[in-house]
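Reading through the structure tokens given below for one structure.
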Amino acid sequence: MKESNLQSLLTDIDQQKKSLDACRPFPASVLEKLQEALDIEYTFHSNAIEGNTLTLNETMLVLKEGLTISGISLREHLEAVNHKAAIDSIRAMLTKVVPMNQEDIKYIHALVLKGIDNRYAGHYRDVEVMISGAKHMPPPPQEVLGLMNGFSSWLVERQDERDLHPVRLAAQAHLRLVGIHPFIDGNGRTARLLMNLMLLKYGYPYAVIRSDMDYRMRYYQSLDQAHTRQMDEPFEVLVAECVSAMLDKYLGAIPKR
């Protein structure tokens with residue numbers, strides 16, 4: 001896609017956000033119901049991308065009613081509960097004055113893998129990993145700490161400098177983290193949570209990358225393009241489209257003033 005397509009998307013997003021900001025403060029009852037529904041939707045799609053077999057309705061029953069779904073593994077239940085806890089945590093992080101850094105990323109990851117792999121939850125990997133179906137090969141484990149230190153510095157600097165559009169910053173944070181693949185498991189979920197933490201920090205709603213096959217293929221292909229061919233724009237466009245779609249949902253649900 002041409003650069004103008006991304007820029008056009010960002011311009012439209014800025015206008016959507018301006019319209020949404022004009023509706024603030026949002027009615028608490030409307031916002032609570034909307035966030036509850038979107039948290040369930042986000043949890044379902046983010047886990048389904050990684051192979052979780054809970055349906056959207058089953059995810060809702062696990063999160064809202066605390067039910068155990070017959071035929072579904074304990075791990076898949078934990079993935080749903082943990083992801084919702086991580087969403088709540090990134091909202092709580094918004095009160096931080098200092099920029100987000102790798103300690104925040106490790107904390108998010110610890111929530112994602114809580115009770116699933118406590119040995120590696122919140123800790124960088126010490127083994128080689130591969131990304132199924134991708135050409136990109138993550139760096140060896142001995143390089144992870146140095147790369148994460150560099151990534152953390154980049155993330156702090158970009159938050160301080162504010163020299164990237166927030167949607168591009170969020171997309172780049174995802175791209176760079178998943179490229180390093182610092183954890184033995186849970187990299188995708190953690191990268192998407194970091195991406196959405198960045199969006200929330202700058203007043204945007206989080207982006208839900210859908211798990212439908214077309215979206216999933218486009219998601220993985222654009223990640224691989226970025227990591228193997230240095231073509232970041234297809235992924236940035238995908239994220240921008242998801243942000244725009246979420247802004248439309250908020251604008252449709254929040255009463256106009």
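The way I read the labels, and the way they are meant: chains A, B, ... in the order of the structure tokens, residue 1 as the first residue of every chain, and ligand 1 as the first ligand shown, with later ones counted on from there.
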Got a sec: who's within 9 Å of A:Arg176, counting only C-alpha atoms, leaving out chain neighbours fewer than 5 positions off, as a ChimeraX atom specification? /A:151,171,181,191,227
Name all residues at most 10 Å from stretch 208-219 of chain A (count only C-alpha atoms; drop same-chain ones fewer than 3 positions away) and give them as a list in words.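 The residues satisfying every condition are Leu38, Asp39, Glu41, Tyr42, Thr43, Phe44, His45, Ser46, Asn47, Ala48, Ile49, Glu50, Gly51, Arg192, Asn196, Pro205, Ser222, Leu223, Asp224, Pro234, Phe235, Leu238, Val239, Glu241, Cys242, Val243, Ala245 and Met246 of chain A.
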Have a look at atom CA of A:Met198 and atom CA of A:Gln159 and let me know their distance in Å, one decimal. 8.9 Å
Would you mind telling me which residue in A:Arg91, A:Lys106, A:Lys256, A:Lys64 lies nearest to A:Tyr202 when using only C-alpha atoms?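 Selected residue with least distance to A:Tyr202: A:Arg91.
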Could you list, as a VMD selection string, every residue within 9 Å of A:Asn57, counting only C-alpha atoms and ignoring same-chain residues fewer than 4 positions away? chain A and resid 40 44 61 to 62
Using N, CA and C atoms, can you write the selected residues to a file as an mmCIF file, in the first residue's frame?
data_model
loop_
_atom_site.group_PDB
_atom_site.id
_atom_site.type_symbol
_atom_site.label_atom_id
_atom_site.label_comp_id
_atom_site.auth_asym_id
_atom_site.auth_seq_id
_atom_site.Cartn_x
_atom_site.Cartn_y
_atom_site.Cartn_z
ATOM 1 N N ILE A 40 -14.468 -8.744 26.478
ATOM 2 C CA ILE A 40 -14.753 -10.151 26.144
ATOM 3 C C ILE A 40 -14.390 -10.419 24.684
ATOM 4 N N PHE A 44 -11.451 -12.936 23.476
ATOM 5 C CA PHE A 44 -11.764 -14.040 22.562
ATOM 6 C C PHE A 44 -10.855 -14.023 21.337
ATOM 7 N N LEU A 61 -19.042 -16.618 29.141
ATOM 8 C CA LEU A 61 -19.488 -17.406 30.295
ATOM 9 C C LEU A 61 -18.345 -17.643 31.280
ATOM 10 N N VAL A 62 -17.162 -17.870 30.770
ATOM 11 C CA VAL A 62 -15.995 -18.067 31.643
ATOM 12 C C VAL A 62 -15.689 -16.789 32.410
#
I'd like the contact shell of A:Lys201 - 10 Å cut-off, only C-alpha atoms, skipping same-chain residues fewer than 6 positions apart - returned as a ChimeraX atom specification. /A:90-91,93-96,99-100,159,166,170
Take the residues that were just selected and, keeping C-alpha atoms, output them as a CSV table (one decimal), in the first residue's frame.
chain,number,residue,atom,x,y,z
A,90,ILE,CA,-3.0,-2.2,31.5
A,91,ARG,CA,-5.9,0.2,32.3
A,93,MET,CA,-1.0,1.3,34.4
A,94,LEU,CA,-2.4,4.4,32.8
A,95,THR,CA,-1.9,6.3,36.1
A,96,LYS,CA,1.9,5.9,35.8
A,99,PRO,CA,7.0,6.0,30.4
A,100,MET,CA,6.2,2.3,30.0
A,159,GLN,CA,7.0,8.3,24.6
A,166,PRO,CA,0.3,7.2,18.6
A,170,ALA,CA,1.6,1.3,19.1
Closest to A:Ser73 among A:Leu54, A:Leu111, A:Ala22, A:Ala28, using only C-alpha atoms?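 Among the listed residues, the smallest separation from A:Ser73 belongs to A:Leu54.
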Considering only C-alpha atoms, return as a PyMOL selection string whatever protein or nucleic-acid residues lie within 8 Å of A:Asn82, sequence-local ones (same chain, fewer than 5 positions apart) excluded. chain A and resi 111-114
Preceding selection exported with C-alpha atoms as a compact mmCIF listing (two decimals), in the first residue's frame:
# COMPACT_ATOMS: atom_id res chain seq x y z
CA LEU A 111 -0.20 -12.17 33.98
CA VAL A 112 -0.62 -13.84 30.59
CA LEU A 113 1.19 -17.03 31.68
CA LYS A 114 0.05 -17.10 35.32
As a CSV table (one decimal) with C-alpha atoms, in the first residue's frame, please: the residues near A:His77 (cut-off 10 Å, only C-alpha atoms, same-chain neighbours under 2 positions excluded).
chain,number,residue,atom,x,y,z
A,52,ASN,CA,-7.6,-21.2,21.9
A,53,THR,CA,-10.9,-23.0,21.1
A,54,LEU,CA,-13.3,-21.2,23.3
A,58,GLU,CA,-18.0,-19.5,26.0
A,59,THR,CA,-15.4,-16.8,26.7
A,62,VAL,CA,-16.0,-18.1,31.6
A,63,LEU,CA,-15.3,-14.4,32.3
A,66,GLY,CA,-17.0,-18.2,36.2
A,67,LEU,CA,-18.2,-21.3,34.4
A,68,THR,CA,-16.1,-24.2,33.3
A,69,ILE,CA,-16.8,-25.3,29.8
A,72,ILE,CA,-12.2,-27.3,27.1
A,73,SER,CA,-8.7,-27.6,28.7
A,74,LEU,CA,-7.8,-25.9,31.9
A,75,ARG,CA,-5.1,-24.0,30.0
A,79,GLU,CA,-5.9,-18.0,29.0
A,80,ALA,CA,-9.2,-16.3,29.1
A,81,VAL,CA,-9.1,-15.4,32.8
A,82,ASN,CA,-5.5,-14.2,32.5
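Comparing the minimum interatomic distances between A:Asp14 and each of A:Ala253, A:Val167, A:Ala134, A:Leu34, counting only C-alpha atoms, we find that A:Val167 sits nearest.
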Nearest candidate to A:Asp88 (options A:Glu36, A:Lys249, A:Met148, A:His136; using only C-alpha atoms):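 Answer, going by the shortest atom-to-atom distance: A:Glu36.
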Identify, with DSSP run on backbone atoms, the residues in stretch 49-208 of chain A assigned to alpha helix (DSSP H), and express the list as a PyMOL selection string. chain A and resi 49+56-60+74-93+102-112+141-161+166-180+187-201
Å distance separating atom CA of A:Asp163 from atom CA of A:Asn149, one decimal place: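 Here the two named atoms are 20.3 Å from each other.
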